[in-house]
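So this one's query-v1.cif, mmCIF, N, CA and C atoms:
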data_target
loop_
_atom_site.label_atom_id
_atom_site.label_comp_id
_atom_site.auth_asym_id
_atom_site.auth_seq_id
_atom_site.Cartn_x
_atom_site.Cartn_y
_atom_site.Cartn_z
N ALA B 1 248.43 -10.39 187.50
CA ALA B 1 248.81 -9.94 188.82
C ALA B 1 249.76 -8.74 188.69
N PRO B 2 249.60 -7.76 189.58
CA PRO B 2 250.49 -6.59 189.51
C PRO B 2 251.93 -6.97 189.83
N LEU B 3 252.85 -6.28 189.20
CA LEU B 3 254.27 -6.50 189.45
C LEU B 3 254.70 -5.76 190.71
N VAL B 4 255.70 -6.30 191.37
CA VAL B 4 256.27 -5.66 192.55
C VAL B 4 257.38 -4.73 192.08
N ALA B 5 257.37 -3.48 192.57
CA ALA B 5 258.41 -2.51 192.23
C ALA B 5 259.70 -2.91 192.95
N ALA B 6 260.71 -3.29 192.20
CA ALA B 6 261.95 -3.81 192.78
C ALA B 6 262.64 -2.80 193.68
N TYR B 7 262.74 -1.55 193.25
CA TYR B 7 263.41 -0.55 194.09
C TYR B 7 262.61 -0.29 195.37
N ARG B 8 261.32 -0.34 195.28
CA ARG B 8 260.48 -0.15 196.47
C ARG B 8 260.73 -1.29 197.45
N TRP B 9 260.89 -2.49 196.94
CA TRP B 9 261.12 -3.66 197.77
C TRP B 9 262.50 -3.61 198.42
N LEU B 10 263.52 -3.23 197.63
CA LEU B 10 264.89 -3.23 198.13
C LEU B 10 265.21 -2.05 199.04
N MET B 11 264.66 -0.88 198.74
CA MET B 11 264.94 0.33 199.52
C MET B 11 263.65 1.06 199.85
N PRO B 12 262.87 0.58 200.82
CA PRO B 12 261.58 1.19 201.10
C PRO B 12 261.68 2.63 201.60
N GLU B 13 262.85 3.03 202.11
CA GLU B 13 263.00 4.40 202.59
C GLU B 13 263.05 5.40 201.44
N HIS B 14 263.41 4.94 200.25
CA HIS B 14 263.52 5.80 199.08
C HIS B 14 262.21 5.74 198.31
N MET B 15 261.54 6.88 198.16
CA MET B 15 260.26 6.90 197.46
C MET B 15 260.47 6.82 195.96
N VAL B 16 259.90 5.82 195.37
CA VAL B 16 259.95 5.60 193.93
C VAL B 16 258.72 6.26 193.33
N SER B 17 258.83 6.75 192.12
CA SER B 17 257.70 7.39 191.45
C SER B 17 257.62 6.91 190.00
N ILE B 18 256.41 6.70 189.55
CA ILE B 18 256.17 6.28 188.17
C ILE B 18 255.90 7.51 187.32
N THR B 19 256.58 7.62 186.20
CA THR B 19 256.34 8.70 185.25
C THR B 19 256.24 8.07 183.87
N ARG B 20 255.06 8.06 183.33
CA ARG B 20 254.85 7.55 181.97
C ARG B 20 254.24 8.69 181.16
N ARG B 21 255.10 9.48 180.58
CA ARG B 21 254.68 10.71 179.92
C ARG B 21 253.69 10.50 178.79
N TRP B 22 253.94 9.49 177.98
CA TRP B 22 253.21 9.38 176.72
C TRP B 22 252.05 8.40 176.77
N ASP B 23 251.78 7.80 177.91
CA ASP B 23 250.64 6.88 178.01
C ASP B 23 249.33 7.63 177.76
N THR B 24 248.45 6.99 177.02
CA THR B 24 247.11 7.55 176.86
C THR B 24 246.13 6.82 177.77
N ASP B 25 246.42 5.59 178.11
CA ASP B 25 245.63 4.83 179.10
C ASP B 25 246.55 4.60 180.30
N ARG B 26 246.25 5.28 181.39
CA ARG B 26 247.13 5.26 182.56
C ARG B 26 246.68 4.30 183.65
N ARG B 27 245.67 3.48 183.35
CA ARG B 27 245.13 2.56 184.36
C ARG B 27 246.17 1.66 184.99
N ASP B 28 246.99 1.01 184.15
CA ASP B 28 248.00 0.08 184.68
C ASP B 28 249.01 0.79 185.57
N ALA B 29 249.44 1.98 185.16
CA ALA B 29 250.43 2.72 185.94
C ALA B 29 249.85 3.17 187.28
N ILE B 30 248.60 3.61 187.28
CA ILE B 30 247.96 4.04 188.53
C ILE B 30 247.76 2.85 189.46
N GLN B 31 247.33 1.72 188.91
CA GLN B 31 247.16 0.52 189.73
C GLN B 31 248.50 0.03 190.26
N HIS B 32 249.54 0.11 189.45
CA HIS B 32 250.88 -0.29 189.88
C HIS B 32 251.36 0.60 191.04
N ALA B 33 251.13 1.91 190.92
CA ALA B 33 251.52 2.85 191.98
C ALA B 33 250.74 2.56 193.26
N TRP B 34 249.44 2.31 193.15
CA TRP B 34 248.61 2.04 194.33
C TRP B 34 249.03 0.72 195.00
N PHE B 35 249.22 -0.31 194.22
CA PHE B 35 249.58 -1.62 194.76
C PHE B 35 250.92 -1.58 195.48
N ASN B 36 251.88 -0.83 194.93
CA ASN B 36 253.22 -0.78 195.50
C ASN B 36 253.41 0.36 196.50
N GLY B 37 252.42 1.23 196.62
CA GLY B 37 252.56 2.36 197.54
C GLY B 37 253.65 3.32 197.11
N ILE B 38 253.70 3.60 195.81
CA ILE B 38 254.73 4.50 195.28
C ILE B 38 254.06 5.68 194.59
N GLY B 39 254.84 6.69 194.26
CA GLY B 39 254.30 7.90 193.65
C GLY B 39 253.93 7.72 192.19
N TYR B 40 253.09 8.64 191.71
CA TYR B 40 252.70 8.65 190.31
C TYR B 40 252.69 10.09 189.84
N THR B 41 253.37 10.37 188.74
CA THR B 41 253.40 11.72 188.17
C THR B 41 252.49 11.74 186.96
N ALA B 42 251.46 12.56 187.03
CA ALA B 42 250.50 12.67 185.92
C ALA B 42 250.89 13.86 185.05
N TRP B 43 251.54 13.60 183.96
CA TRP B 43 251.92 14.66 183.02
C TRP B 43 250.83 14.81 181.99
N GLU B 44 250.35 16.03 181.81
CA GLU B 44 249.43 16.31 180.71
C GLU B 44 250.12 17.17 179.66
N ASN B 45 250.93 18.12 180.10
CA ASN B 45 251.67 18.96 179.18
C ASN B 45 253.11 18.45 179.14
N VAL B 46 253.39 17.63 178.15
CA VAL B 46 254.72 17.03 178.02
C VAL B 46 255.52 17.88 177.05
N TRP B 47 256.34 18.78 177.59
CA TRP B 47 257.17 19.67 176.81
C TRP B 47 256.39 20.36 175.67
N GLY B 48 255.22 20.87 176.01
CA GLY B 48 254.42 21.62 175.06
C GLY B 48 253.44 20.79 174.24
N ILE B 49 253.46 19.48 174.40
CA ILE B 49 252.51 18.61 173.69
C ILE B 49 251.46 18.16 174.70
N TRP B 50 250.20 18.41 174.41
CA TRP B 50 249.11 18.12 175.34
C TRP B 50 248.73 16.64 175.29
N ASN B 51 248.83 15.96 176.42
CA ASN B 51 248.46 14.55 176.54
C ASN B 51 247.50 14.44 177.72
N GLU B 52 246.25 14.78 177.46
CA GLU B 52 245.24 14.90 178.52
C GLU B 52 244.93 13.56 179.19
N LEU B 53 244.67 13.64 180.48
CA LEU B 53 244.23 12.45 181.22
C LEU B 53 242.83 12.08 180.76
N ALA B 54 242.60 10.80 180.55
CA ALA B 54 241.24 10.34 180.26
C ALA B 54 240.39 10.55 181.50
N GLU B 55 239.09 10.71 181.33
CA GLU B 55 238.20 10.97 182.46
C GLU B 55 238.31 9.87 183.52
N ARG B 56 238.40 8.64 183.08
CA ARG B 56 238.50 7.52 184.03
C ARG B 56 239.82 7.58 184.82
N ASP B 57 240.92 7.92 184.15
CA ASP B 57 242.22 8.02 184.82
C ASP B 57 242.23 9.18 185.81
N ALA B 58 241.66 10.31 185.41
CA ALA B 58 241.60 11.47 186.31
C ALA B 58 240.79 11.13 187.56
N GLU B 59 239.70 10.42 187.40
CA GLU B 59 238.88 10.03 188.55
C GLU B 59 239.62 9.04 189.43
N SER B 60 240.35 8.12 188.83
CA SER B 60 241.15 7.17 189.62
C SER B 60 242.17 7.91 190.46
N LEU B 61 242.85 8.89 189.87
CA LEU B 61 243.83 9.67 190.62
C LEU B 61 243.17 10.45 191.76
N ARG B 62 242.00 11.02 191.51
CA ARG B 62 241.29 11.75 192.56
C ARG B 62 240.94 10.85 193.73
N ARG B 63 240.62 9.60 193.46
CA ARG B 63 240.24 8.67 194.53
C ARG B 63 241.46 8.12 195.28
N VAL B 64 242.54 7.88 194.56
CA VAL B 64 243.73 7.29 195.17
C VAL B 64 244.53 8.33 195.96
N GLN B 65 244.55 9.57 195.50
CA GLN B 65 245.38 10.61 196.11
C GLN B 65 245.14 10.79 197.61
N PRO B 66 243.91 10.95 198.10
CA PRO B 66 243.75 11.14 199.55
C PRO B 66 244.18 9.91 200.36
N LEU B 67 243.99 8.73 199.80
CA LEU B 67 244.40 7.52 200.51
C LEU B 67 245.92 7.43 200.59
N MET B 68 246.60 7.75 199.51
CA MET B 68 248.06 7.72 199.53
C MET B 68 248.61 8.76 200.49
N ARG B 69 248.00 9.94 200.53
CA ARG B 69 248.45 10.97 201.48
C ARG B 69 248.22 10.53 202.91
N PHE B 70 247.11 9.89 203.17
CA PHE B 70 246.82 9.38 204.52
C PHE B 70 247.90 8.37 204.94
N LEU B 71 248.20 7.42 204.06
CA LEU B 71 249.22 6.42 204.38
C LEU B 71 250.60 7.05 204.54
N ALA B 72 250.89 8.05 203.72
CA ALA B 72 252.21 8.69 203.78
C ALA B 72 252.39 9.47 205.07
N THR B 73 251.36 10.15 205.54
CA THR B 73 251.49 10.93 206.77
C THR B 73 251.71 10.03 207.98
N ARG B 74 251.33 8.79 207.89
CA ARG B 74 251.54 7.84 208.99
C ARG B 74 252.80 6.99 208.79
N LYS B 75 253.62 7.39 207.81
CA LYS B 75 254.90 6.72 207.53
C LYS B 75 254.73 5.26 207.15
N LEU B 76 253.57 4.91 206.61
CA LEU B 76 253.35 3.53 206.21
C LEU B 76 253.94 3.22 204.84
N LEU B 77 254.19 4.24 204.04
CA LEU B 77 254.72 4.01 202.70
C LEU B 77 256.24 4.00 202.66
N SER B 78 256.88 4.40 203.74
CA SER B 78 258.34 4.50 203.71
C SER B 78 259.00 3.67 204.81
N ASN B 79 258.44 2.53 205.10
CA ASN B 79 259.09 1.65 206.08
C ASN B 79 259.11 0.22 205.54
N ARG B 80 259.71 -0.66 206.27
CA ARG B 80 259.87 -2.04 205.82
C ARG B 80 258.66 -2.92 206.16
N GLY B 81 257.58 -2.33 206.60
CA GLY B 81 256.39 -3.09 206.94
C GLY B 81 255.47 -3.35 205.76
N TRP B 82 255.99 -3.20 204.55
CA TRP B 82 255.18 -3.40 203.34
C TRP B 82 255.26 -4.85 202.91
N GLU B 83 254.11 -5.44 202.67
CA GLU B 83 254.04 -6.84 202.24
C GLU B 83 253.19 -6.93 200.96
N PRO B 84 253.84 -7.04 199.79
CA PRO B 84 253.07 -7.15 198.55
C PRO B 84 252.44 -8.53 198.41
N HIS B 85 251.41 -8.60 197.62
CA HIS B 85 250.69 -9.85 197.35
C HIS B 85 250.25 -10.54 198.64
N THR B 86 249.61 -9.77 199.50
CA THR B 86 249.03 -10.31 200.72
C THR B 86 247.85 -11.20 200.33
N PRO B 87 247.69 -12.35 200.97
CA PRO B 87 246.56 -13.23 200.62
C PRO B 87 245.21 -12.52 200.81
N THR B 88 244.31 -12.77 199.89
CA THR B 88 242.96 -12.19 199.95
C THR B 88 241.93 -13.31 199.90
N LEU B 89 240.67 -12.95 200.08
CA LEU B 89 239.60 -13.94 200.01
C LEU B 89 239.32 -14.38 198.57
N ARG B 90 239.78 -13.60 197.59
CA ARG B 90 239.57 -13.94 196.19
C ARG B 90 240.91 -13.97 195.45
N PRO B 91 241.75 -14.97 195.75
CA PRO B 91 243.06 -15.02 195.09
C PRO B 91 242.92 -15.12 193.58
N GLY B 92 243.78 -14.42 192.87
CA GLY B 92 243.74 -14.45 191.42
C GLY B 92 242.88 -13.37 190.81
N SER B 93 241.96 -12.78 191.58
CA SER B 93 241.13 -11.71 191.03
C SER B 93 241.23 -10.43 191.85
N VAL B 94 241.60 -10.53 193.12
CA VAL B 94 241.80 -9.35 193.97
C VAL B 94 243.22 -9.41 194.49
N PHE B 95 243.97 -8.34 194.26
CA PHE B 95 245.36 -8.28 194.68
C PHE B 95 245.51 -7.19 195.72
N ALA B 96 246.30 -7.47 196.75
CA ALA B 96 246.42 -6.52 197.85
C ALA B 96 247.85 -6.43 198.35
N SER B 97 248.17 -5.29 198.92
CA SER B 97 249.41 -5.08 199.64
C SER B 97 249.05 -4.73 201.07
N LYS B 98 249.93 -5.08 201.98
CA LYS B 98 249.70 -4.81 203.40
C LYS B 98 250.77 -3.83 203.86
N PHE B 99 250.34 -2.74 204.49
CA PHE B 99 251.24 -1.73 205.02
C PHE B 99 251.07 -1.70 206.53
N THR B 100 252.12 -2.07 207.26
CA THR B 100 252.03 -2.09 208.72
C THR B 100 253.05 -1.13 209.32
N LEU B 101 252.73 -0.67 210.51
CA LEU B 101 253.64 0.22 211.23
C LEU B 101 254.86 -0.57 211.69
N PRO B 102 256.01 0.06 211.74
CA PRO B 102 257.17 -0.64 212.29
C PRO B 102 256.95 -0.88 213.78
N PRO B 103 257.58 -1.92 214.35
CA PRO B 103 257.36 -2.26 215.75
C PRO B 103 257.65 -1.11 216.72
N THR B 104 258.59 -0.24 216.38
CA THR B 104 258.91 0.87 217.27
C THR B 104 257.81 1.92 217.31
N ALA B 105 256.94 1.95 216.31
CA ALA B 105 255.87 2.95 216.26
C ALA B 105 254.62 2.50 217.00
N LEU B 106 254.53 1.23 217.33
CA LEU B 106 253.35 0.72 218.02
C LEU B 106 253.51 0.87 219.52
N PRO B 107 252.47 1.32 220.24
CA PRO B 107 252.57 1.42 221.69
C PRO B 107 252.65 0.04 222.32
N SER B 108 253.41 -0.07 223.37
CA SER B 108 253.57 -1.34 224.07
C SER B 108 252.31 -1.64 224.87
N SER B 109 251.94 -2.91 224.93
CA SER B 109 250.73 -3.28 225.67
C SER B 109 251.04 -3.69 227.10
N SER B 110 252.34 -3.75 227.47
CA SER B 110 252.68 -4.14 228.83
C SER B 110 252.50 -2.96 229.78
N PRO B 111 251.89 -3.18 230.96
CA PRO B 111 251.65 -2.08 231.88
C PRO B 111 252.93 -1.52 232.47
N SER B 112 254.05 -2.25 232.44
CA SER B 112 255.29 -1.77 233.02
C SER B 112 256.07 -0.88 232.05
N SER B 113 255.56 -0.71 230.85
CA SER B 113 256.24 0.11 229.85
C SER B 113 256.25 1.57 230.30
N PRO B 114 257.39 2.26 230.20
CA PRO B 114 257.44 3.66 230.62
C PRO B 114 256.53 4.54 229.79
N SER B 115 256.30 4.19 228.50
CA SER B 115 255.44 5.04 227.67
C SER B 115 253.97 4.93 228.10
N MET B 116 253.61 3.88 228.79
CA MET B 116 252.22 3.70 229.20
C MET B 116 251.99 4.15 230.64
N SER B 117 253.05 4.55 231.37
CA SER B 117 252.89 4.91 232.76
C SER B 117 252.22 6.27 232.93
N SER B 118 252.35 7.16 231.98
CA SER B 118 251.67 8.45 232.08
C SER B 118 250.64 8.54 230.97
N PRO B 119 249.59 9.30 231.21
CA PRO B 119 248.55 9.41 230.17
C PRO B 119 249.11 10.12 228.94
N PRO B 120 248.60 9.77 227.77
CA PRO B 120 249.09 10.40 226.55
C PRO B 120 248.73 11.88 226.52
N ALA B 121 249.58 12.68 225.90
CA ALA B 121 249.31 14.10 225.78
C ALA B 121 248.17 14.33 224.81
N VAL B 122 247.29 15.25 225.15
CA VAL B 122 246.15 15.58 224.30
C VAL B 122 246.48 16.88 223.58
N PRO B 123 246.39 16.90 222.26
CA PRO B 123 246.69 18.15 221.55
C PRO B 123 245.65 19.22 221.88
N SER B 124 246.10 20.46 221.93
CA SER B 124 245.17 21.54 222.24
C SER B 124 244.21 21.75 221.09
N GLN B 125 243.03 22.16 221.42
CA GLN B 125 241.97 22.36 220.42
C GLN B 125 241.80 23.84 220.14
N GLN B 126 242.88 24.53 219.77
CA GLN B 126 242.82 25.96 219.49
C GLN B 126 242.40 26.17 218.05
N PRO B 127 241.69 27.26 217.79
CA PRO B 127 241.33 27.55 216.40
C PRO B 127 242.59 27.85 215.60
N PRO B 128 242.58 27.57 214.29
CA PRO B 128 243.77 27.81 213.48
C PRO B 128 244.11 29.30 213.43
N SER B 129 245.39 29.60 213.39
CA SER B 129 245.83 30.99 213.31
C SER B 129 245.63 31.48 211.87
N PRO B 130 245.61 32.82 211.69
CA PRO B 130 245.39 33.35 210.32
C PRO B 130 246.48 32.91 209.35
N GLN B 131 247.71 32.61 209.83
CA GLN B 131 248.78 32.21 208.93
C GLN B 131 248.73 30.73 208.57
N SER B 132 247.95 29.92 209.29
CA SER B 132 247.93 28.49 209.01
C SER B 132 247.26 28.22 207.67
N PRO B 133 247.73 27.21 206.96
CA PRO B 133 247.13 26.90 205.66
C PRO B 133 245.69 26.41 205.83
N PRO B 134 244.87 26.63 204.83
CA PRO B 134 243.48 26.16 204.93
C PRO B 134 243.45 24.64 204.95
N PRO B 135 242.40 24.05 205.51
CA PRO B 135 242.31 22.59 205.53
C PRO B 135 242.22 22.05 204.11
N SER B 136 242.59 20.80 203.96
CA SER B 136 242.52 20.16 202.64
C SER B 136 241.09 20.18 202.14
N PRO B 137 240.90 20.45 200.85
CA PRO B 137 239.54 20.47 200.31
C PRO B 137 238.95 19.06 200.28
N PRO B 138 237.64 18.96 200.34
CA PRO B 138 237.01 17.64 200.23
C PRO B 138 237.23 17.08 198.83
N LEU B 139 236.77 15.86 198.63
CA LEU B 139 236.89 15.26 197.30
C LEU B 139 236.33 16.18 196.24
N VAL B 140 236.87 16.11 195.06
CA VAL B 140 236.44 16.95 193.96
C VAL B 140 234.98 16.67 193.65
N PRO B 141 234.18 17.73 193.43
CA PRO B 141 232.75 17.52 193.13
C PRO B 141 232.55 16.60 191.93
N GLN B 142 231.41 15.94 191.93
CA GLN B 142 231.07 14.93 190.93
C GLN B 142 231.19 15.46 189.50
N GLY B 143 230.84 16.72 189.26
CA GLY B 143 230.79 17.24 187.90
C GLY B 143 232.14 17.48 187.25
N GLU B 144 233.21 17.63 188.03
CA GLU B 144 234.52 17.91 187.46
C GLU B 144 235.15 16.64 186.91
N SER B 145 235.95 16.78 185.85
CA SER B 145 236.52 15.59 185.23
C SER B 145 238.05 15.69 185.07
N ARG B 146 238.69 16.64 185.74
CA ARG B 146 240.13 16.82 185.56
C ARG B 146 240.81 16.82 186.92
N CYS B 147 242.03 16.37 186.96
CA CYS B 147 242.85 16.41 188.18
C CYS B 147 243.18 17.85 188.51
N GLN B 148 243.18 18.21 189.78
CA GLN B 148 243.50 19.56 190.19
C GLN B 148 244.99 19.72 190.44
N GLU B 149 245.72 18.64 190.72
CA GLU B 149 247.15 18.75 191.02
C GLU B 149 247.96 17.94 190.06
#
Let me see the file written as structure tokens.
Amino acid sequence: APLVAAYRWLMPEHMVSITRRWDTDRRDAIQHAWFNGIGYTAWENVWGIWNELAERDAESLRRVQPLMRFLATRKLLSNRGWEPHTPTLRPGSVFASKFTLPPTALPSSSPSSPSMSSPPAVPSQQPPSPQSPPPSPPLVPQGESRCQE
């Protein structure tokens, strides 16, 4: 079973990051980061010594990265709504964490709530300005075997 990151549990507002410079098999560290919702630093050039990511590890990072960014933009990784070792249908073989929004972030379902009395604002659908950054690229093509970031 994956271990719970103690600092993540005690201080969820502080983002913890895993850095294992000299690992050649990074599977455990990547799974630990994913399970705990914490950062992972993939070092390949460790002070001038090349420690390349294995193809499997690079692919794992490519798959986990967009999901972690999605959760982070919704503030799910930095609040107290994290529940490690959430029960699953296959206990002992599938391990899960639950990330929930804090109660203040959820809209109230009561009709007397002031936030529900007016319709929600709709963002304008204007084309991006020339100075705006380009949209995030799609997943890395199948043929590539290295992390881009």
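Restricting the calculation to only C-alpha atoms, the smallest distance between Trp22 in chain B and any of B:Glu59, B:Ala72, B:Ala42, B:Phe99 is found for B:Ala42.
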Distance criterion (only N, CA and C atoms): nearest to Thr100 in chain B out of B:Asn36, B:Thr88, B:Val16, B:Lys75:
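Closest candidate: B:Lys75.
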Could you spell out the hits of the PyMOL selection byres (((chain B and resi 64 and name CA) around 12) and name CA) on the shown file, as number ranges by chain?
B: 27, 30-35, 37-40, 57-63, 65-71, 139, 147
For the atom pair atom N of Asn79 in chain B and CA of Glu13 in chain B, what is the interatomic distance in Å to one decimal place?
5.5 Å
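At a cut-off of 9 Å from (255.8, 13.3, 180.4), the residue set is B:Thr19, B:Arg20, B:Arg21, B:Trp22, B:Asp23, B:Thr41, B:Ala42, B:Trp43, B:Glu44, B:Asn45, B:Val46, B:Trp47, B:Asn51 (counting only C-alpha atoms).
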Computed gap from CA of Leu76 in chain B to atom C of Pro91 in chain B is 24.8 Å
I'd like the contact shell of His85 in chain B - 6 Å cut-off, all atoms listed in the file, skipping same-chain residues fewer than 2 positions apart - returned as JSON, numbers by chain.
{"B": [83, 87, 96, 97, 98]}
CA of Ala54 in chain B and atom N of Ile18 in chain B are how many Å apart?
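Interatomic distance here is 18.2 Å.
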All helix (DSSP H, G or I) positions in range 5-69 of chain B, as number ranges by chain
B: 6-10, 27-36, 55-69
